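Chemist: Right, I'll just put the structure down here and ask away after.
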Amino acid sequence: VDDHNVSDAIARLRGRPGTHVAITVTREGSAKLLSFDLVRGNVQVHSVRGQPLGAGIAYIRISSFSETTAADLRAALGELRNTGKAGLKGLVLDLRNNPGGVLDAAVDVSDDFLDSGVIVTASGRGRESNFRREAQPGDLLEGAAIVVLVNGGSASASEIVAGALQDNKRATILGSQTFGKGSVQTVMPLSDGEALKLTTSKYFTPSGKSINGQGITPDVATAQAAASETDDGGRFSAEIDTDVR
């Protein structure tokens with residue numbers, strides 16, 4: 001696999017779930033070829049992890065937004081709720097360095113914490129590029145306090161969540177200015193096999209502010225810590241993260 005045949009390699013690797021594909025791998029510094037027989041399957045990216053912080057406060061980090069994110073969030077909240085006798089009194093939702101992902105996942109995550117209100121709107125060139133998403137009744141935390149952590153690496157879908165919770169007065173946003181990626185690109189194939197990537201719409205927060213090129217301004221600005229601090233064992237640890245503390 002090199003820069004010139006990536007698409008061909010992907011096409012040959014993909015196939016029906018349950019079927020097999022044989023690959024041979026060469027590694028730098030070794031003349032030996034390694035052969036593997038892989039079973040194809042549907043890939044699901046799980047991007048949610050959580051831990052209790054004590055005193056009824058839960059910490060959840062979402063590293064990206066995929067098709068499973070909303071379900072994984074609900075499962076994590078359920079587990080964290082069962083760790084304490086008094087239930088959850090508050091949540092720290094960490095979206096730092098989250099580059100975004102699936103729009104519907106961001107809408108579902110926002111909806112999980114809202115009883116009503118607009119989540120996001122989009123305005124664009126065509127009819128399908130204009131839409132408005134609103135929350136349905138049902139707040140998983142039943143009004144408990146939420147703090148959302150963001151930084152310059154928080155983009156796109158993570159900015160939609162932060163903007164929705166901020167504008168609906170549902171959460172306090174803490175950190176630094178987010179990236180400002182609030183545009184939708186459509187890839188349009190051309191007759192010669194190339195393609196044109198065209199911006200077809202832009203996202204707006206419930207209050208009508210454009211995300212693109214602007215980002216989300218936090219309610220509380222901090223000297224942002226990295227979102228990957230670890231304990232001595234190399235594992236992620238919310239307890240030693242300065243912004244979580």
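Numbering starts fresh at 1 for the residues of each chain in the structure tokens, the chains themselves are lettered A, B, ... in the order given, and ligands are numbered from 1 as they appear.
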A:Ala223: which residues within 9 Å, counting only C-alpha atoms, same-chain residues fewer than 2 positions away excluded, as a PDB file with all heavy atoms, in the first residue's frame?
Modeler:
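Output file result-v1.pdb follows:
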ATOM      1  N   GLY A 175     -13.362  26.382  29.438  1.00  0.00           N
ATOM      2  CA  GLY A 175     -12.175  26.058  28.657  1.00  0.00           C
ATOM      3  C   GLY A 175     -11.708  27.225  27.822  1.00  0.00           C
ATOM      4  O   GLY A 175     -11.664  28.358  28.296  1.00  0.00           O
ATOM      5  N   SER A 176     -11.402  26.946  26.566  1.00  0.00           N
ATOM      6  CA  SER A 176     -10.937  27.985  25.646  1.00  0.00           C
ATOM      7  C   SER A 176     -11.747  27.925  24.356  1.00  0.00           C
ATOM      8  O   SER A 176     -12.504  26.980  24.129  1.00  0.00           O
ATOM      9  CB  SER A 176      -9.439  27.809  25.350  1.00  0.00           C
ATOM     10  OG  SER A 176      -9.171  26.512  24.841  1.00  0.00           O
ATOM     11  N   ALA A 221     -13.370  30.997  31.048  1.00  0.00           N
ATOM     12  CA  ALA A 221     -12.114  30.762  30.328  1.00  0.00           C
ATOM     13  C   ALA A 221     -11.062  30.232  31.285  1.00  0.00           C
ATOM     14  O   ALA A 221     -10.933  30.701  32.424  1.00  0.00           O
ATOM     15  CB  ALA A 221     -11.628  32.056  29.677  1.00  0.00           C
ATOM     16  N   ALA A 225      -5.829  22.821  30.021  1.00  0.00           N
ATOM     17  CA  ALA A 225      -4.961  21.659  30.154  1.00  0.00           C
ATOM     18  C   ALA A 225      -5.243  20.692  29.022  1.00  0.00           C
ATOM     19  O   ALA A 225      -6.291  20.723  28.403  1.00  0.00           O
ATOM     20  CB  ALA A 225      -5.209  20.967  31.497  1.00  0.00           C
ATOM     21  N   ASP A 243      -8.335  20.906  34.765  1.00  0.00           N
ATOM     22  CA  ASP A 243      -9.638  21.500  34.468  1.00  0.00           C
ATOM     23  C   ASP A 243     -10.777  20.704  35.091  1.00  0.00           C
ATOM     24  O   ASP A 243     -11.795  21.278  35.495  1.00  0.00           O
ATOM     25  CB  ASP A 243      -9.859  21.583  32.944  1.00  0.00           C
ATOM     26  CG  ASP A 243      -9.138  22.792  32.348  1.00  0.00           C
ATOM     27  OD1 ASP A 243      -8.689  23.638  33.143  1.00  0.00           O
ATOM     28  OD2 ASP A 243      -9.035  22.884  31.127  1.00  0.00           O
TER      29      ASP A 243
END
Chemist: For stretch 116-132 of chain A, work out the shell of residues within 9 Å, counting only C-alpha atoms and skipping chain neighbours fewer than 4 positions away, then give it as a compact mmCIF listing (two decimals) with N, CA and C atoms, in the first residue's frame.
Modeler:
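Resulting contents of around.txt:
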# COMPACT_ATOMS: atom_id res chain seq x y z
N VAL A 107 -26.72 15.61 17.77
CA VAL A 107 -28.09 16.00 18.08
C VAL A 107 -28.66 15.12 19.18
N SER A 110 -27.11 15.99 22.61
CA SER A 110 -27.70 17.23 23.11
C SER A 110 -29.11 16.99 23.63
N ASP A 111 -29.88 16.23 22.88
CA ASP A 111 -31.27 15.93 23.25
C ASP A 111 -31.35 15.18 24.57
N GLN A 136 -36.51 16.77 22.20
CA GLN A 136 -37.74 16.14 22.64
C GLN A 136 -37.73 16.03 24.17
N PRO A 137 -38.89 15.96 24.81
CA PRO A 137 -38.94 15.89 26.28
C PRO A 137 -38.13 14.70 26.80
N GLY A 138 -37.44 14.93 27.93
CA GLY A 138 -36.69 13.85 28.56
C GLY A 138 -35.24 14.21 28.77
N ILE A 160 -21.49 21.78 18.13
CA ILE A 160 -22.95 21.76 18.10
C ILE A 160 -23.51 21.43 19.48
N VAL A 161 -22.92 20.43 20.15
CA VAL A 161 -23.37 20.06 21.49
C VAL A 161 -23.12 21.20 22.47
N GLY A 163 -22.73 24.39 21.89
CA GLY A 163 -23.59 25.53 21.57
C GLY A 163 -25.03 25.31 21.98
N ALA A 164 -25.53 24.09 21.78
CA ALA A 164 -26.91 23.78 22.14
C ALA A 164 -27.12 23.86 23.65
N LEU A 165 -26.19 23.30 24.41
CA LEU A 165 -26.34 23.30 25.87
C LEU A 165 -26.10 24.70 26.44
N ASP A 167 -26.65 27.74 24.78
CA ASP A 167 -27.73 28.65 24.41
C ASP A 167 -29.04 28.31 25.11
N ASN A 168 -29.23 27.04 25.44
CA ASN A 168 -30.44 26.64 26.16
C ASN A 168 -30.27 26.73 27.68
N SER A 183 -19.32 24.10 8.98
CA SER A 183 -19.77 24.04 7.59
C SER A 183 -19.98 22.60 7.16
N VAL A 184 -20.85 22.43 6.17
CA VAL A 184 -21.15 21.11 5.61
C VAL A 184 -20.60 21.06 4.19
N THR A 199 -18.78 23.59 -0.20
CA THR A 199 -19.51 23.93 1.02
C THR A 199 -20.95 24.25 0.64
N THR A 200 -21.89 23.48 1.21
CA THR A 200 -23.30 23.61 0.83
C THR A 200 -24.17 24.20 1.93
N SER A 201 -23.72 24.20 3.18
CA SER A 201 -24.51 24.82 4.24
C SER A 201 -23.63 25.09 5.45
N LYS A 202 -24.16 25.87 6.38
CA LYS A 202 -23.44 26.19 7.60
C LYS A 202 -24.34 25.97 8.81
N TYR A 203 -23.71 25.57 9.92
CA TYR A 203 -24.44 25.33 11.17
C TYR A 203 -24.55 26.61 11.99
N PHE A 204 -25.68 26.71 12.71
CA PHE A 204 -25.90 27.84 13.62
C PHE A 204 -26.39 27.31 14.96
N THR A 205 -25.98 27.97 16.04
CA THR A 205 -26.43 27.60 17.38
C THR A 205 -27.89 28.03 17.54
N PRO A 206 -28.56 27.59 18.60
CA PRO A 206 -29.97 27.97 18.80
C PRO A 206 -30.22 29.47 18.80
N SER A 207 -29.25 30.26 19.24
CA SER A 207 -29.44 31.71 19.27
C SER A 207 -29.16 32.36 17.93
N GLY A 208 -28.76 31.55 16.93
CA GLY A 208 -28.52 32.08 15.59
C GLY A 208 -27.08 32.43 15.30
Chemist: Where in stretch 76-203 of chain A does DSSP assign alpha helix (DSSP H), given as a PDB file with all heavy atoms, in the first residue's frame?
Modeler:
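Dumped everything to result_3.pdb:
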ATOM      1  N   ALA A  76     -23.161   4.561  29.770  1.00  0.00           N
ATOM      2  CA  ALA A  76     -22.176   5.055  30.740  1.00  0.00           C
ATOM      3  C   ALA A  76     -22.859   5.791  31.882  1.00  0.00           C
ATOM      4  O   ALA A  76     -22.496   5.620  33.054  1.00  0.00           O
ATOM      5  CB  ALA A  76     -21.173   5.970  30.044  1.00  0.00           C
ATOM      6  N   LEU A  77     -23.859   6.603  31.563  1.00  0.00           N
ATOM      7  CA  LEU A  77     -24.597   7.322  32.609  1.00  0.00           C
ATOM      8  C   LEU A  77     -25.322   6.345  33.523  1.00  0.00           C
ATOM      9  O   LEU A  77     -25.373   6.542  34.748  1.00  0.00           O
ATOM     10  CB  LEU A  77     -25.595   8.290  31.985  1.00  0.00           C
ATOM     11  CG  LEU A  77     -25.039   9.619  31.467  1.00  0.00           C
ATOM     12  CD1 LEU A  77     -26.124  10.394  30.733  1.00  0.00           C
ATOM     13  CD2 LEU A  77     -24.471  10.457  32.608  1.00  0.00           C
ATOM     14  N   GLY A  78     -25.871   5.286  32.949  1.00  0.00           N
ATOM     15  CA  GLY A  78     -26.548   4.280  33.760  1.00  0.00           C
ATOM     16  C   GLY A  78     -25.611   3.605  34.738  1.00  0.00           C
ATOM     17  O   GLY A  78     -25.946   3.407  35.908  1.00  0.00           O
ATOM     18  N   GLU A  79     -24.412   3.266  34.267  1.00  0.00           N
ATOM     19  CA  GLU A  79     -23.423   2.634  35.145  1.00  0.00           C
ATOM     20  C   GLU A  79     -22.967   3.589  36.238  1.00  0.00           C
ATOM     21  O   GLU A  79     -22.829   3.197  37.406  1.00  0.00           O
ATOM     22  CB  GLU A  79     -22.224   2.164  34.323  1.00  0.00           C
ATOM     23  CG  GLU A  79     -22.553   1.030  33.366  1.00  0.00           C
ATOM     24  CD  GLU A  79     -21.357   0.652  32.516  1.00  0.00           C
ATOM     25  OE1 GLU A  79     -20.268   1.237  32.738  1.00  0.00           O
ATOM     26  OE2 GLU A  79     -21.502  -0.216  31.640  1.00  0.00           O
ATOM     27  N   LEU A  80     -22.715   4.846  35.868  1.00  0.00           N
ATOM     28  CA  LEU A  80     -22.264   5.823  36.852  1.00  0.00           C
ATOM     29  C   LEU A  80     -23.351   6.138  37.873  1.00  0.00           C
ATOM     30  O   LEU A  80     -23.068   6.360  39.048  1.00  0.00           O
ATOM     31  CB  LEU A  80     -21.827   7.110  36.149  1.00  0.00           C
ATOM     32  CG  LEU A  80     -20.539   6.996  35.326  1.00  0.00           C
ATOM     33  CD1 LEU A  80     -20.373   8.194  34.407  1.00  0.00           C
ATOM     34  CD2 LEU A  80     -19.330   6.860  36.247  1.00  0.00           C
ATOM     35  N   ARG A  81     -24.591   6.133  37.427  1.00  0.00           N
ATOM     36  CA  ARG A  81     -25.702   6.398  38.347  1.00  0.00           C
ATOM     37  C   ARG A  81     -25.792   5.300  39.406  1.00  0.00           C
ATOM     38  O   ARG A  81     -26.161   5.548  40.553  1.00  0.00           O
ATOM     39  CB  ARG A  81     -27.010   6.496  37.561  1.00  0.00           C
ATOM     40  CG  ARG A  81     -28.202   6.924  38.399  1.00  0.00           C
ATOM     41  CD  ARG A  81     -29.437   7.092  37.538  1.00  0.00           C
ATOM     42  NE  ARG A  81     -29.393   8.299  36.735  1.00  0.00           N
ATOM     43  CZ  ARG A  81     -29.245   8.329  35.422  1.00  0.00           C
ATOM     44  NH1 ARG A  81     -29.114   7.197  34.744  1.00  0.00           N
ATOM     45  NH2 ARG A  81     -29.223   9.473  34.774  1.00  0.00           N
ATOM     46  N   LEU A 103     -23.364  13.999  12.634  1.00  0.00           N
ATOM     47  CA  LEU A 103     -24.266  15.063  13.085  1.00  0.00           C
ATOM     48  C   LEU A 103     -25.391  14.516  13.955  1.00  0.00           C
ATOM     49  O   LEU A 103     -25.691  15.078  15.016  1.00  0.00           O
ATOM     50  CB  LEU A 103     -24.865  15.787  11.873  1.00  0.00           C
ATOM     51  CG  LEU A 103     -26.028  16.742  12.164  1.00  0.00           C
ATOM     52  CD1 LEU A 103     -25.571  17.916  13.018  1.00  0.00           C
ATOM     53  CD2 LEU A 103     -26.661  17.228  10.867  1.00  0.00           C
ATOM     54  N   ASP A 104     -26.029  13.434  13.530  1.00  0.00           N
ATOM     55  CA  ASP A 104     -27.159  12.887  14.288  1.00  0.00           C
ATOM     56  C   ASP A 104     -26.737  12.475  15.691  1.00  0.00           C
ATOM     57  O   ASP A 104     -27.537  12.565  16.631  1.00  0.00           O
ATOM     58  CB  ASP A 104     -27.768  11.691  13.551  1.00  0.00           C
ATOM     59  CG  ASP A 104     -28.563  12.120  12.322  1.00  0.00           C
ATOM     60  OD1 ASP A 104     -28.915  13.301  12.234  1.00  0.00           O
ATOM     61  OD2 ASP A 104     -28.815  11.268  11.446  1.00  0.00           O
ATOM     62  N   ALA A 105     -25.497  12.019  15.853  1.00  0.00           N
ATOM     63  CA  ALA A 105     -25.009  11.650  17.182  1.00  0.00           C
ATOM     64  C   ALA A 105     -24.920  12.881  18.077  1.00  0.00           C
ATOM     65  O   ALA A 105     -25.277  12.829  19.263  1.00  0.00           O
ATOM     66  CB  ALA A 105     -23.651  10.960  17.078  1.00  0.00           C
ATOM     67  N   ALA A 106     -24.450  13.996  17.521  1.00  0.00           N
ATOM     68  CA  ALA A 106     -24.370  15.236  18.290  1.00  0.00           C
ATOM     69  C   ALA A 106     -25.759  15.722  18.686  1.00  0.00           C
ATOM     70  O   ALA A 106     -25.973  16.184  19.815  1.00  0.00           O
ATOM     71  CB  ALA A 106     -23.653  16.307  17.475  1.00  0.00           C
ATOM     72  N   VAL A 107     -26.715  15.609  17.774  1.00  0.00           N
ATOM     73  CA  VAL A 107     -28.090  16.001  18.077  1.00  0.00           C
ATOM     74  C   VAL A 107     -28.663  15.122  19.178  1.00  0.00           C
ATOM     75  O   VAL A 107     -29.303  15.612  20.126  1.00  0.00           O
ATOM     76  CB  VAL A 107     -28.958  15.924  16.809  1.00  0.00           C
ATOM     77  CG1 VAL A 107     -30.432  16.124  17.147  1.00  0.00           C
ATOM     78  CG2 VAL A 107     -28.507  16.962  15.788  1.00  0.00           C
ATOM     79  N   ASP A 108     -28.437  13.812  19.096  1.00  0.00           N
ATOM     80  CA  ASP A 108     -28.962  12.883  20.106  1.00  0.00           C
ATOM     81  C   ASP A 108     -28.345  13.131  21.477  1.00  0.00           C
ATOM     82  O   ASP A 108     -29.037  13.069  22.502  1.00  0.00           O
ATOM     83  CB  ASP A 108     -28.710  11.439  19.674  1.00  0.00           C
ATOM     84  CG  ASP A 108     -29.579  11.007  18.503  1.00  0.00           C
ATOM     85  OD1 ASP A 108     -30.588  11.694  18.246  1.00  0.00           O
ATOM     86  OD2 ASP A 108     -29.247  10.010  17.846  1.00  0.00           O
ATOM     87  N   VAL A 109     -27.044  13.398  21.516  1.00  0.00           N
ATOM     88  CA  VAL A 109     -26.380  13.672  22.795  1.00  0.00           C
ATOM     89  C   VAL A 109     -26.939  14.952  23.406  1.00  0.00           C
ATOM     90  O   VAL A 109     -27.227  15.005  24.606  1.00  0.00           O
ATOM     91  CB  VAL A 109     -24.853  13.778  22.598  1.00  0.00           C
ATOM     92  CG1 VAL A 109     -24.195  14.378  23.840  1.00  0.00           C
ATOM     93  CG2 VAL A 109     -24.256  12.407  22.303  1.00  0.00           C
ATOM     94  N   SER A 110     -27.111  15.986  22.609  1.00  0.00           N
ATOM     95  CA  SER A 110     -27.699  17.234  23.112  1.00  0.00           C
ATOM     96  C   SER A 110     -29.107  16.987  23.632  1.00  0.00           C
ATOM     97  O   SER A 110     -29.488  17.477  24.706  1.00  0.00           O
ATOM     98  CB  SER A 110     -27.730  18.285  21.993  1.00  0.00           C
ATOM     99  OG  SER A 110     -26.447  18.540  21.483  1.00  0.00           O
ATOM    100  N   ASP A 111     -29.881  16.232  22.882  1.00  0.00           N
ATOM    101  CA  ASP A 111     -31.269  15.934  23.248  1.00  0.00           C
ATOM    102  C   ASP A 111     -31.350  15.185  24.567  1.00  0.00           C
ATOM    103  O   ASP A 111     -32.311  15.342  25.326  1.00  0.00           O
ATOM    104  CB  ASP A 111     -31.915  15.116  22.132  1.00  0.00           C
ATOM    105  CG  ASP A 111     -33.435  15.110  22.209  1.00  0.00           C
ATOM    106  OD1 ASP A 111     -33.996  15.699  23.165  1.00  0.00           O
ATOM    107  OD2 ASP A 111     -34.075  14.512  21.323  1.00  0.00           O
ATOM    108  N   ASP A 112     -30.345  14.374  24.864  1.00  0.00           N
ATOM    109  CA  ASP A 112     -30.346  13.599  26.110  1.00  0.00           C
ATOM    110  C   ASP A 112     -30.355  14.491  27.344  1.00  0.00           C
ATOM    111  O   ASP A 112     -30.753  14.052  28.427  1.00  0.00           O
ATOM    112  CB  ASP A 112     -29.124  12.679  26.164  1.00  0.00           C
ATOM    113  CG  ASP A 112     -29.289  11.436  25.302  1.00  0.00           C
ATOM    114  OD1 ASP A 112     -30.441  11.101  24.970  1.00  0.00           O
ATOM    115  OD2 ASP A 112     -28.271  10.809  24.966  1.00  0.00           O
ATOM    116  N   ALA A 157     -19.170  18.634  15.345  1.00  0.00           N
ATOM    117  CA  ALA A 157     -20.248  18.070  16.155  1.00  0.00           C
ATOM    118  C   ALA A 157     -20.108  18.416  17.626  1.00  0.00           C
ATOM    119  O   ALA A 157     -21.112  18.620  18.327  1.00  0.00           O
ATOM    120  CB  ALA A 157     -20.307  16.552  15.969  1.00  0.00           C
ATOM    121  N   SER A 158     -18.881  18.481  18.135  1.00  0.00           N
ATOM    122  CA  SER A 158     -18.696  18.831  19.544  1.00  0.00           C
ATOM    123  C   SER A 158     -19.086  20.289  19.792  1.00  0.00           C
ATOM    124  O   SER A 158     -19.588  20.635  20.867  1.00  0.00           O
ATOM    125  CB  SER A 158     -17.250  18.574  19.986  1.00  0.00           C
ATOM    126  OG  SER A 158     -16.342  19.318  19.218  1.00  0.00           O
ATOM    127  N   GLU A 159     -18.908  21.150  18.799  1.00  0.00           N
ATOM    128  CA  GLU A 159     -19.332  22.541  18.922  1.00  0.00           C
ATOM    129  C   GLU A 159     -20.851  22.662  18.871  1.00  0.00           C
ATOM    130  O   GLU A 159     -21.436  23.538  19.499  1.00  0.00           O
ATOM    131  CB  GLU A 159     -18.693  23.377  17.812  1.00  0.00           C
ATOM    132  CG  GLU A 159     -17.174  23.474  17.953  1.00  0.00           C
ATOM    133  CD  GLU A 159     -16.521  24.235  16.812  1.00  0.00           C
ATOM    134  OE1 GLU A 159     -16.502  23.699  15.682  1.00  0.00           O
ATOM    135  OE2 GLU A 159     -16.033  25.359  17.043  1.00  0.00           O
ATOM    136  N   ILE A 160     -21.492  21.778  18.130  1.00  0.00           N
ATOM    137  CA  ILE A 160     -22.954  21.761  18.102  1.00  0.00           C
ATOM    138  C   ILE A 160     -23.507  21.432  19.480  1.00  0.00           C
ATOM    139  O   ILE A 160     -24.434  22.082  19.971  1.00  0.00           O
ATOM    140  CB  ILE A 160     -23.456  20.749  17.053  1.00  0.00           C
ATOM    141  CG1 ILE A 160     -23.175  21.276  15.642  1.00  0.00           C
ATOM    142  CG2 ILE A 160     -24.944  20.460  17.234  1.00  0.00           C
ATOM    143  CD1 ILE A 160     -23.505  20.291  14.543  1.00  0.00           C
ATOM    144  N   VAL A 161     -22.920  20.434  20.145  1.00  0.00           N
ATOM    145  CA  VAL A 161     -23.370  20.060  21.490  1.00  0.00           C
ATOM    146  C   VAL A 161     -23.122  21.196  22.473  1.00  0.00           C
ATOM    147  O   VAL A 161     -24.012  21.583  23.238  1.00  0.00           O
ATOM    148  CB  VAL A 161     -22.653  18.773  21.971  1.00  0.00           C
ATOM    149  CG1 VAL A 161     -23.013  18.472  23.419  1.00  0.00           C
ATOM    150  CG2 VAL A 161     -23.027  17.592  21.080  1.00  0.00           C
ATOM    151  N   ALA A 162     -21.908  21.749  22.457  1.00  0.00           N
ATOM    152  CA  ALA A 162     -21.580  22.835  23.384  1.00  0.00           C
ATOM    153  C   ALA A 162     -22.486  24.038  23.148  1.00  0.00           C
ATOM    154  O   ALA A 162     -22.994  24.654  24.103  1.00  0.00           O
ATOM    155  CB  ALA A 162     -20.113  23.235  23.224  1.00  0.00           C
ATOM    156  N   GLY A 163     -22.735  24.394  21.889  1.00  0.00           N
ATOM    157  CA  GLY A 163     -23.589  25.531  21.573  1.00  0.00           C
ATOM    158  C   GLY A 163     -25.031  25.314  21.980  1.00  0.00           C
ATOM    159  O   GLY A 163     -25.696  26.227  22.485  1.00  0.00           O
ATOM    160  N   ALA A 164     -25.526  24.090  21.777  1.00  0.00           N
ATOM    161  CA  ALA A 164     -26.909  23.778  22.141  1.00  0.00           C
ATOM    162  C   ALA A 164     -27.121  23.862  23.646  1.00  0.00           C
ATOM    163  O   ALA A 164     -28.106  24.447  24.127  1.00  0.00           O
ATOM    164  CB  ALA A 164     -27.282  22.387  21.634  1.00  0.00           C
ATOM    165  N   LEU A 165     -26.193  23.297  24.412  1.00  0.00           N
ATOM    166  CA  LEU A 165     -26.342  23.301  25.868  1.00  0.00           C
ATOM    167  C   LEU A 165     -26.101  24.698  26.443  1.00  0.00           C
ATOM    168  O   LEU A 165     -26.725  25.088  27.434  1.00  0.00           O
ATOM    169  CB  LEU A 165     -25.378  22.290  26.495  1.00  0.00           C
ATOM    170  CG  LEU A 165     -25.601  20.825  26.085  1.00  0.00           C
ATOM    171  CD1 LEU A 165     -24.614  19.910  26.807  1.00  0.00           C
ATOM    172  CD2 LEU A 165     -27.036  20.384  26.372  1.00  0.00           C
ATOM    173  N   GLN A 166     -25.225  25.457  25.812  1.00  0.00           N
ATOM    174  CA  GLN A 166     -24.958  26.823  26.277  1.00  0.00           C
ATOM    175  C   GLN A 166     -26.148  27.734  26.010  1.00  0.00           C
ATOM    176  O   GLN A 166     -26.624  28.442  26.897  1.00  0.00           O
ATOM    177  CB  GLN A 166     -23.712  27.369  25.601  1.00  0.00           C
ATOM    178  CG  GLN A 166     -23.301  28.762  26.066  1.00  0.00           C
ATOM    179  CD  GLN A 166     -22.091  29.280  25.313  1.00  0.00           C
ATOM    180  OE1 GLN A 166     -22.075  29.312  24.074  1.00  0.00           O
ATOM    181  NE2 GLN A 166     -21.042  29.665  26.052  1.00  0.00           N
ATOM    182  N   ASP A 167     -26.648  27.735  24.775  1.00  0.00           N
ATOM    183  CA  ASP A 167     -27.729  28.646  24.412  1.00  0.00           C
ATOM    184  C   ASP A 167     -29.041  28.307  25.105  1.00  0.00           C
ATOM    185  O   ASP A 167     -29.881  29.190  25.328  1.00  0.00           O
ATOM    186  CB  ASP A 167     -27.938  28.640  22.898  1.00  0.00           C
ATOM    187  CG  ASP A 167     -26.886  29.476  22.172  1.00  0.00           C
ATOM    188  OD1 ASP A 167     -26.002  30.020  22.856  1.00  0.00           O
ATOM    189  OD2 ASP A 167     -26.958  29.573  20.937  1.00  0.00           O
TER     190      ASP A 167
END
Chemist: One decimal, Å: what's the distance from atom CA of A:Gly54 over to atom CA of A:Val147, could you say?
Modeler: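 According to the coordinates, atom CA of A:Gly54 and atom CA of A:Val147 are separated by 15.3 Å.
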Chemist: Would you mind telling me which residue in A:Ile146, A:Val39, A:Ala70, A:Ala58 lies nearest to A:Val102 when using only C-alpha atoms?
Modeler: A:Ala70
Chemist: Can you build me a table of stretch 29-64 of chain A residues sitting at most 12 Å from stretch 89-94 of chain A, with the closest atom pair per residue and its distance in Å to one decimal, using only C-alpha atoms, sorted by chain and residue number, as a Markdown table?
Modeler:
| residue | atom | partner | partner_atom | distance |
| --- | --- | --- | --- | --- |
| A:Ser47 | CA | A:Asp94 | CA | 11.6 |
| A:Val48 | CA | A:Asp94 | CA | 9.9 |
| A:Arg49 | CA | A:Asp94 | CA | 9.9 |
| A:Gly50 | CA | A:Leu93 | CA | 9.2 |
| A:Gln51 | CA | A:Val92 | CA | 10.1 |
| A:Pro52 | CA | A:Leu91 | CA | 9.3 |
| A:Leu53 | CA | A:Val92 | CA | 9.2 |
| A:Gly54 | CA | A:Lys89 | CA | 10.0 |
| A:Ala55 | CA | A:Lys89 | CA | 7.8 |
| A:Gly56 | CA | A:Lys89 | CA | 5.0 |
| A:Ile57 | CA | A:Gly90 | CA | 4.8 |
| A:Ala58 | CA | A:Leu91 | CA | 4.8 |
| A:Tyr59 | CA | A:Val92 | CA | 4.7 |
| A:Ile60 | CA | A:Leu93 | CA | 5.1 |
| A:Arg61 | CA | A:Asp94 | CA | 4.5 |
| A:Ile62 | CA | A:Asp94 | CA | 6.3 |
| A:Ser63 | CA | A:Asp94 | CA | 8.2 |
| A:Ser64 | CA | A:Asp94 | CA | 10.7 |
Chemist: Extract, using only C-alpha atoms, all DNA, RNA and protein residues at most 9 Å from A:Arg96, discarding same-chain residues fewer than 3 positions from it, and format them as a list in words.
Modeler: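 Counting only C-alpha atoms, the residues come to Arg61, Ile62, Ser63, Pro99, Val148, Leu149, Val150, Asn151, Gly152, Gly153, Ser154, Ala155, Ser158, Gly175, Thr178, Ala226 and Ala227 of chain A.
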Chemist: Which value, in Å to one decimal, gives the distance between atom CA of A:Gly180 and atom CA of A:Thr217?
Modeler: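 Taking atom CA of A:Gly180 and atom CA of A:Thr217, their separation equals 10.0 Å.
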Chemist: Skip A:Gly18 itself and residues of its chain fewer than 4 positions away, then list as a PyMOL selection string all residues within 10 Å of it, counting only C-alpha atoms.
Modeler: chain A and resi 38-42
Chemist: Mind the document's chain letters and residue numbers, and return as a ChimeraX atom specification the residues of stretch 91-163 of chain A that DSSP labels strand (DSSP E or B).
Modeler: /A:91-94,101,118-124,131-134,145-150
Chemist: Pick the closest to A:Ile211 from A:Gly100, A:Pro17, A:Gly182, A:Pro189: which is it, counting only C-alpha atoms?
Modeler: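 Distance minimum relative to A:Ile211 lands on A:Gly182.
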